[in-house]
Structure formats: C-alpha cells, structure tokens
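Presented below is the structure to which this report refers.
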Amino acid sequence: MELPLLAGVDGSESGLLAVDWAADAAARHSAPLRLLHAAGDRGEGGPAPEDPLAAAVERVRLRAPGVRVTADVLDEEPGPALVHAGRNASAVVVGSRGRGGVAGLLLGSVGLSVAGRADCPVVVVRGGETARAGGHGRIVLGVGDRVDGSPAAHFAFREAAARHCELRAVRTWRRPAHEAEDHPLFQGHPSGARHREAMDHLDEALRATAREHSGIDLRLHAVEGSTRAVLLEESRRADLLVVGAHRRQGHFGLQLGAVDHTVIHHADCPVALVPEHI
C-alpha cells in the first residue's frame, strides 16, 4: 500500500503554503495526500479558524486536481498528532511558522516538535515563491560522514528525479587553525589535500545511490567553511535543502543537531530533514 504524504493544517498563511507545497509534491510523485488538523490546536498566538480543513481540501483540488486527497480531524495536540500520523506517511509537511508567527523569523513550536521527533522525513516549507515553486532547478544535499546508503541521499535523489533537476551534493571541510596556508598539505589548487579528501568522501558516499538513480544531473562540491554557514548560503539558490537528522534509539526528547536546528529556522528554501538512525 502506497504511503500518503501528510500535511498539517492549522489555517495560518504559512500552513496554507505548506499545503500548496504538499499538493505539488503529491502530484510529482503520483502519491495520495492526507491533510490533518489537530482539534487540540489553539494556535501560537491567533484564534482558531472556523473550518481550516475544508479550505485546505478545496485549495488542493484547485491546485492539483489529479491528487487523491483525504482530510482528518484528531482531538489531539498538533505536534504529537503529526508525529504519530507520520509513522504511516512518506513524509510530513509543515509550515515555517504557526498562527501569529512573524514572517521570516523562527520555526513555530509545532514544526519544531515534529522536526525533532518524527520517524519519517519532515519538510519545513520556508523561503520565497521562487524556491517553493521550484524555480531554481536545483536540490542541495548536505552530505555528512555516513557512507552506507544514507536515507537523506536516497530522498534527495528521488526528489531530483521527480523534478528533473540538478542535484548538488555538498560536503564541508575545515582547515585546522595550526595549519598555515603555505603548509605542504595545502599546496596546489584549489585547497590541497583536505579538499581532495572531501571530494573523495562525496564520491564514495553517493556512488551506490547514484547507480540506483541513473540519469540524475549530480554535481559534487567540497567547500571550506562552517557546515551551517555553507548550507545557508547554498539554500539561497536551491528549491529544496536535504539534510540527515540523527535519531538515537530509545531517546524521546527533541533530536536536532546544530546544523538541523539552524537550517529549519533560517534557510531560504524548503528544508527536508530525513531521519538517520545511529
């Protein structure tokens, strides 16, 4: 049975943009879409809308007529409801702010809770209209240390295939402070041995996944700098930023690393956090 894409509905403008993104994604992947409103939701600073689900369903039908859409109301708080429902979903899509949120500022508490606890990929819909509509023609994948078939890599390759766009895989490296620029390791262009090591890691980490998804326009980039800063810069020219979210078995609190936390709050495009169990 095909798992649906799941979108949280709260009646906010940010939530409606998330519904739009989810409708487009469901259409690209020929997947069903489930809209979920948690009746226990009293918002994050604003009054509850009268009928958020009806408006969201109509919005999906107008935007993506071929998408199979269902809608449910649960008498639960929104964070736990979305996390639980996400166990039977291909991904959960949430807006970047709750009701009453200020444009451009931090992720709402519901989105943060879902991003830090869900067992499935979570897409936080951020950024301007160009990124949300796929106008850059590029997905950026942040590549970490894992080399054995990263779920984040598989997610990024599948999304690039569905969009017929470029996949830019990025690996960062840092020069230790005690190594001077004229150190033998850094002779040559562009940045010597550490750059080559990062490029070799990219090739090794993505080789098997690339074979499974042939035909993808894959670009490998090793960049010196802070991972957080580099990925935020990359997000300015991306339609989707994909990163792995480490999940530790038996740990029940929020599980967001520093990079995950930064990009879901500040990226200039939608962000997909893909759980990777360690």
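For the structure tokens, the naming scheme is as follows: chains receive sequential letters (A, B, ...) according to their order of presentation, residues are indexed from 1 within each chain, and ligands are indexed from 1 in presentation order.
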
Residue neighbourhood Val230 of chain A, 12 Å, only C-alpha atoms, exclusion window fewer than 2 positions, as JSON, numbers by chain: {"A": [140, 141, 142, 143, 169, 170, 171, 172, 173, 174, 221, 222, 223, 224, 225, 226, 227, 228, 232, 233, 234, 235, 236, 237, 241, 259, 262, 263, 267]}

Writing out the chosen residues with N, CA and C atoms as a compact mmCIF listing (two decimals), in the first residue's frame:
```txt
# COMPACT_ATOMS: atom_id res chain seq x y z
N VAL A 140 19.76 20.79 -3.09
CA VAL A 140 21.04 20.72 -2.40
C VAL A 140 20.97 19.64 -1.33
N LEU A 141 21.94 18.75 -1.32
CA LEU A 141 22.06 17.68 -0.32
C LEU A 141 23.29 17.94 0.52
N GLY A 142 23.10 18.09 1.81
CA GLY A 142 24.23 18.18 2.73
C GLY A 142 24.71 16.77 3.07
N VAL A 143 25.95 16.47 2.75
CA VAL A 143 26.49 15.11 2.92
C VAL A 143 27.35 15.06 4.18
N ALA A 169 25.41 18.01 -4.39
CA ALA A 169 25.81 17.38 -3.13
C ALA A 169 26.99 18.14 -2.55
N VAL A 170 26.85 18.58 -1.30
CA VAL A 170 27.83 19.47 -0.68
C VAL A 170 28.43 18.82 0.56
N ARG A 171 29.73 18.87 0.64
CA ARG A 171 30.48 18.39 1.79
C ARG A 171 31.41 19.51 2.25
N THR A 172 31.39 19.86 3.53
CA THR A 172 32.26 20.92 4.02
C THR A 172 33.50 20.34 4.69
N TRP A 173 34.54 21.14 4.71
CA TRP A 173 35.76 20.77 5.41
C TRP A 173 36.34 22.02 6.05
N ARG A 174 37.12 21.80 7.10
CA ARG A 174 37.74 22.92 7.81
C ARG A 174 39.23 22.71 7.92
N HIS A 221 30.37 19.01 -4.69
CA HIS A 221 31.06 20.24 -4.30
C HIS A 221 31.59 20.10 -2.88
N ALA A 222 32.89 20.29 -2.71
CA ALA A 222 33.53 20.33 -1.40
C ALA A 222 33.89 21.78 -1.11
N VAL A 223 33.44 22.28 0.04
CA VAL A 223 33.57 23.70 0.35
C VAL A 223 34.21 23.87 1.72
N GLU A 224 35.21 24.73 1.81
CA GLU A 224 35.80 25.04 3.10
C GLU A 224 34.89 25.98 3.87
N GLY A 225 34.63 25.65 5.13
CA GLY A 225 33.82 26.54 5.95
C GLY A 225 32.93 25.80 6.92
N SER A 226 32.21 26.56 7.72
CA SER A 226 31.23 26.02 8.65
C SER A 226 30.07 25.38 7.89
N THR A 227 29.68 24.17 8.28
CA THR A 227 28.59 23.49 7.61
C THR A 227 27.32 24.32 7.64
N ARG A 228 27.01 24.92 8.79
CA ARG A 228 25.81 25.72 8.89
C ARG A 228 25.85 26.90 7.93
N LEU A 232 23.40 27.36 4.54
CA LEU A 232 22.52 28.52 4.45
C LEU A 232 22.80 29.29 3.17
N GLU A 233 24.06 29.44 2.81
CA GLU A 233 24.40 30.12 1.56
C GLU A 233 23.89 29.32 0.36
N GLU A 234 24.05 28.00 0.40
CA GLU A 234 23.57 27.16 -0.70
C GLU A 234 22.05 27.25 -0.84
N SER A 235 21.35 27.42 0.28
CA SER A 235 19.89 27.46 0.24
C SER A 235 19.35 28.66 -0.52
N ARG A 236 20.18 29.68 -0.73
CA ARG A 236 19.73 30.87 -1.45
C ARG A 236 19.46 30.59 -2.92
N ARG A 237 20.04 29.52 -3.43
CA ARG A 237 19.89 29.19 -4.86
C ARG A 237 19.33 27.78 -5.03
N LEU A 241 16.51 21.97 0.34
CA LEU A 241 17.74 21.58 1.03
C LEU A 241 17.44 20.31 1.82
N VAL A 259 23.27 21.75 13.07
CA VAL A 259 23.04 22.06 11.65
C VAL A 259 21.54 21.99 11.35
N THR A 262 19.70 24.99 12.76
CA THR A 262 19.96 26.23 12.02
C THR A 262 19.19 26.29 10.72
N VAL A 263 19.22 25.22 9.94
CA VAL A 263 18.62 25.31 8.60
C VAL A 263 17.10 25.37 8.65
N ALA A 267 16.98 28.79 6.70
CA ALA A 267 17.24 28.54 5.27
C ALA A 267 16.31 29.37 4.40
```

Backbone-only DSSP, strand (DSSP E) members of segment 88-163 of chain A, as a list in words: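 Strand (DSSP E) members of segment 88-163 of chain A, listed: Ala91, Val92, Val93, Val94, Gly95, Val122, Val123, Val124, Val125, Arg138, Ile139, Val140, Leu141 and Gly142 of chain A.
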
Nearest candidate to Arg138 of chain A (options A:Val271, A:Ala71, A:Val114, A:Leu240; using only C-alpha atoms): A:Leu240

Closest of A:Leu36, A:Val243, A:Leu206, A:Ala31 to Ala152 of chain A - atom-to-atom distances counting only C-alpha atoms: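 When distances to Ala152 of chain A are compared using only C-alpha atoms, the smallest one comes from A:Val243.
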
Counting only C-alpha atoms, the residue of A:Ala38, A:Ala245, A:Val93, A:Cys165 that sits nearest Val73 of chain A: A:Ala38

Near segment 122-133 of chain A, 10 Å: segment 15-36 of chain A residue rows, closest pairs, only C-alpha atoms, as a Markdown table:
```
| residue | atom | partner | partner_atom | distance |
| --- | --- | --- | --- | --- |
| A:Gly15 | CA | A:Val125 | CA | 8.7 |
| A:Leu17 | CA | A:Val125 | CA | 7.2 |
| A:Ala18 | CA | A:Val125 | CA | 5.6 |
| A:Val19 | CA | A:Val125 | CA | 9.3 |
| A:Asp20 | CA | A:Arg132 | CA | 9.0 |
| A:Trp21 | CA | A:Arg132 | CA | 6.8 |
| A:Ala22 | CA | A:Val123 | CA | 9.0 |
| A:Asp24 | CA | A:Ala133 | CA | 8.6 |
```

Closest of A:Gly144, A:His154, A:Asp51, A:Ala160 to Ala198 of chain A - atom-to-atom distances counting only C-alpha atoms: A:Gly144

Pairwise distance for atom CA of His261 of chain A and atom CA of Leu273 of chain A, rounded to one decimal in Å: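 Computed distance, atom CA of His261 of chain A to atom CA of Leu273 of chain A, equals 10.0 Å.
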
Pick from A:Ile264, A:Ala64, A:Ala258, A:Ala162 nearest to Gly215 of chain A, counting only C-alpha atoms: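 Of all the options, A:Ala162 lies closest to Gly215 of chain A.
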